[in-house]
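Colleague: Encoded as structure tokens, here's the structure I'll be asking about.
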Amino acid sequence: MPIHDWTRLPGGLFHHFHQDWSIEIARELNRGRLPRGLSALVEQRSGPREADVLTIESTRPSDDSVPIANAA
């Protein structure tokens with residue numbers, strides 16, 4: 001059952017609610033609810049789909065990699 005009939009509201013209001021909802025979910029996940037090495041990001045592509053909130057796994061740089069701050 002729908003929570004609310006969003007077709008009765010201006011599109012911008014729904015978009016604002018949807019963005020805020022997605023961002024808050026990602027924030028809560030990133031406050032320690034995910035296992036170490038995982039991060040939640042909003043509106044990221046993974047293949048042909050774009051998720052509202054996507055969890056990604058960070059990778060460790062190899063020993064011979066150059067930190068971005070020191071790259072020429």
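Chain identifiers are assigned as A, B, and so on, following the order in which chains appear in the structure tokens; residues are numbered from 1 within each chain, and ligands are numbered from 1 in order of appearance.
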Do you know which residues are at most 10 Å from A:Arg36 counting only C-alpha atoms, after dropping those on the same chain fewer than 5 positions away, and could you put them as an mmCIF file with all heavy atoms, in the first residue's frame?
Modeller:
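Here's the written file result-v3.cif:
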```cif
data_model
loop_
_atom_site.group_PDB
_atom_site.id
_atom_site.type_symbol
_atom_site.label_atom_id
_atom_site.label_comp_id
_atom_site.auth_asym_id
_atom_site.auth_seq_id
_atom_site.Cartn_x
_atom_site.Cartn_y
_atom_site.Cartn_z
ATOM 1 N N ASN A 30 26.792 4.790 7.027
ATOM 2 C CA ASN A 30 28.202 5.170 7.176
ATOM 3 C C ASN A 30 28.579 5.543 8.608
ATOM 4 O O ASN A 30 29.743 5.789 8.901
ATOM 5 C CB ASN A 30 28.535 6.326 6.227
ATOM 6 C CG ASN A 30 28.562 5.874 4.793
ATOM 7 O OD1 ASN A 30 28.923 4.736 4.493
ATOM 8 N ND2 ASN A 30 28.152 6.745 3.895
ATOM 9 N N GLU A 57 32.761 -1.399 -1.787
ATOM 10 C CA GLU A 57 33.867 -1.900 -0.985
ATOM 11 C C GLU A 57 35.130 -1.161 -1.392
ATOM 12 O O GLU A 57 35.449 -1.068 -2.578
ATOM 13 C CB GLU A 57 34.038 -3.399 -1.207
ATOM 14 C CG GLU A 57 35.088 -4.019 -0.318
ATOM 15 C CD GLU A 57 35.115 -5.537 -0.435
ATOM 16 O OE1 GLU A 57 34.400 -6.088 -1.284
ATOM 17 O OE2 GLU A 57 35.867 -6.149 0.320
ATOM 18 N N SER A 58 35.828 -0.615 -0.409
ATOM 19 C CA SER A 58 37.078 0.074 -0.713
ATOM 20 C C SER A 58 38.175 -0.957 -0.910
ATOM 21 O O SER A 58 38.120 -2.054 -0.369
ATOM 22 C CB SER A 58 37.456 1.047 0.408
ATOM 23 O OG SER A 58 37.630 0.347 1.615
#
```
Colleague: Env of A:Leu38: 10 Å cut, atoms = only C-alpha atoms, seq-sep filter 3 positions within chain, self excluded. Answer as a PyMOL selection string.
Modeller: chain A and resi 29-30+32-35+41+55-59
Colleague: Near A:Val42, counting only C-alpha atoms, which residues have an atom at most 12 Å away, once you skip same-chain residues fewer than 6 positions from it, shown as number ranges by chain?
Modeller: A: 18-27, 29-30, 50-56
Colleague: Generate a file of the selected residues that holds C-alpha atoms, formatted as a JSON list (two decimals), in the first residue's frame.
Modeller:
```json
[["chain", "number", "residue", "atom", "x", "y", "z"],
["A", 18, "HIS", "CA", 13.41, 11.37, -2.01],
["A", 19, "GLN", "CA", 16.88, 12.97, -2.02],
["A", 20, "ASP", "CA", 16.76, 13.68, 1.71],
["A", 21, "TRP", "CA", 15.56, 10.15, 2.46],
["A", 22, "SER", "CA", 18.35, 8.55, 0.38],
["A", 23, "ILE", "CA", 21.05, 10.76, 1.87],
["A", 24, "GLU", "CA", 19.91, 10.04, 5.42],
["A", 25, "ILE", "CA", 19.97, 6.28, 4.75],
["A", 26, "ALA", "CA", 23.56, 6.56, 3.44],
["A", 27, "ARG", "CA", 24.60, 8.68, 6.44],
["A", 29, "LEU", "CA", 24.89, 3.27, 7.14],
["A", 30, "ASN", "CA", 28.20, 5.17, 7.18],
["A", 50, "GLU", "CA", 21.43, 3.41, -10.71],
["A", 51, "ALA", "CA", 20.71, 2.70, -7.06],
["A", 52, "ASP", "CA", 19.29, 5.23, -4.63],
["A", 53, "VAL", "CA", 21.91, 4.05, -2.10],
["A", 54, "LEU", "CA", 24.78, 1.81, -3.17],
["A", 55, "THR", "CA", 27.26, 0.11, -0.86],
["A", 56, "ILE", "CA", 30.79, -0.11, -2.24]]
```
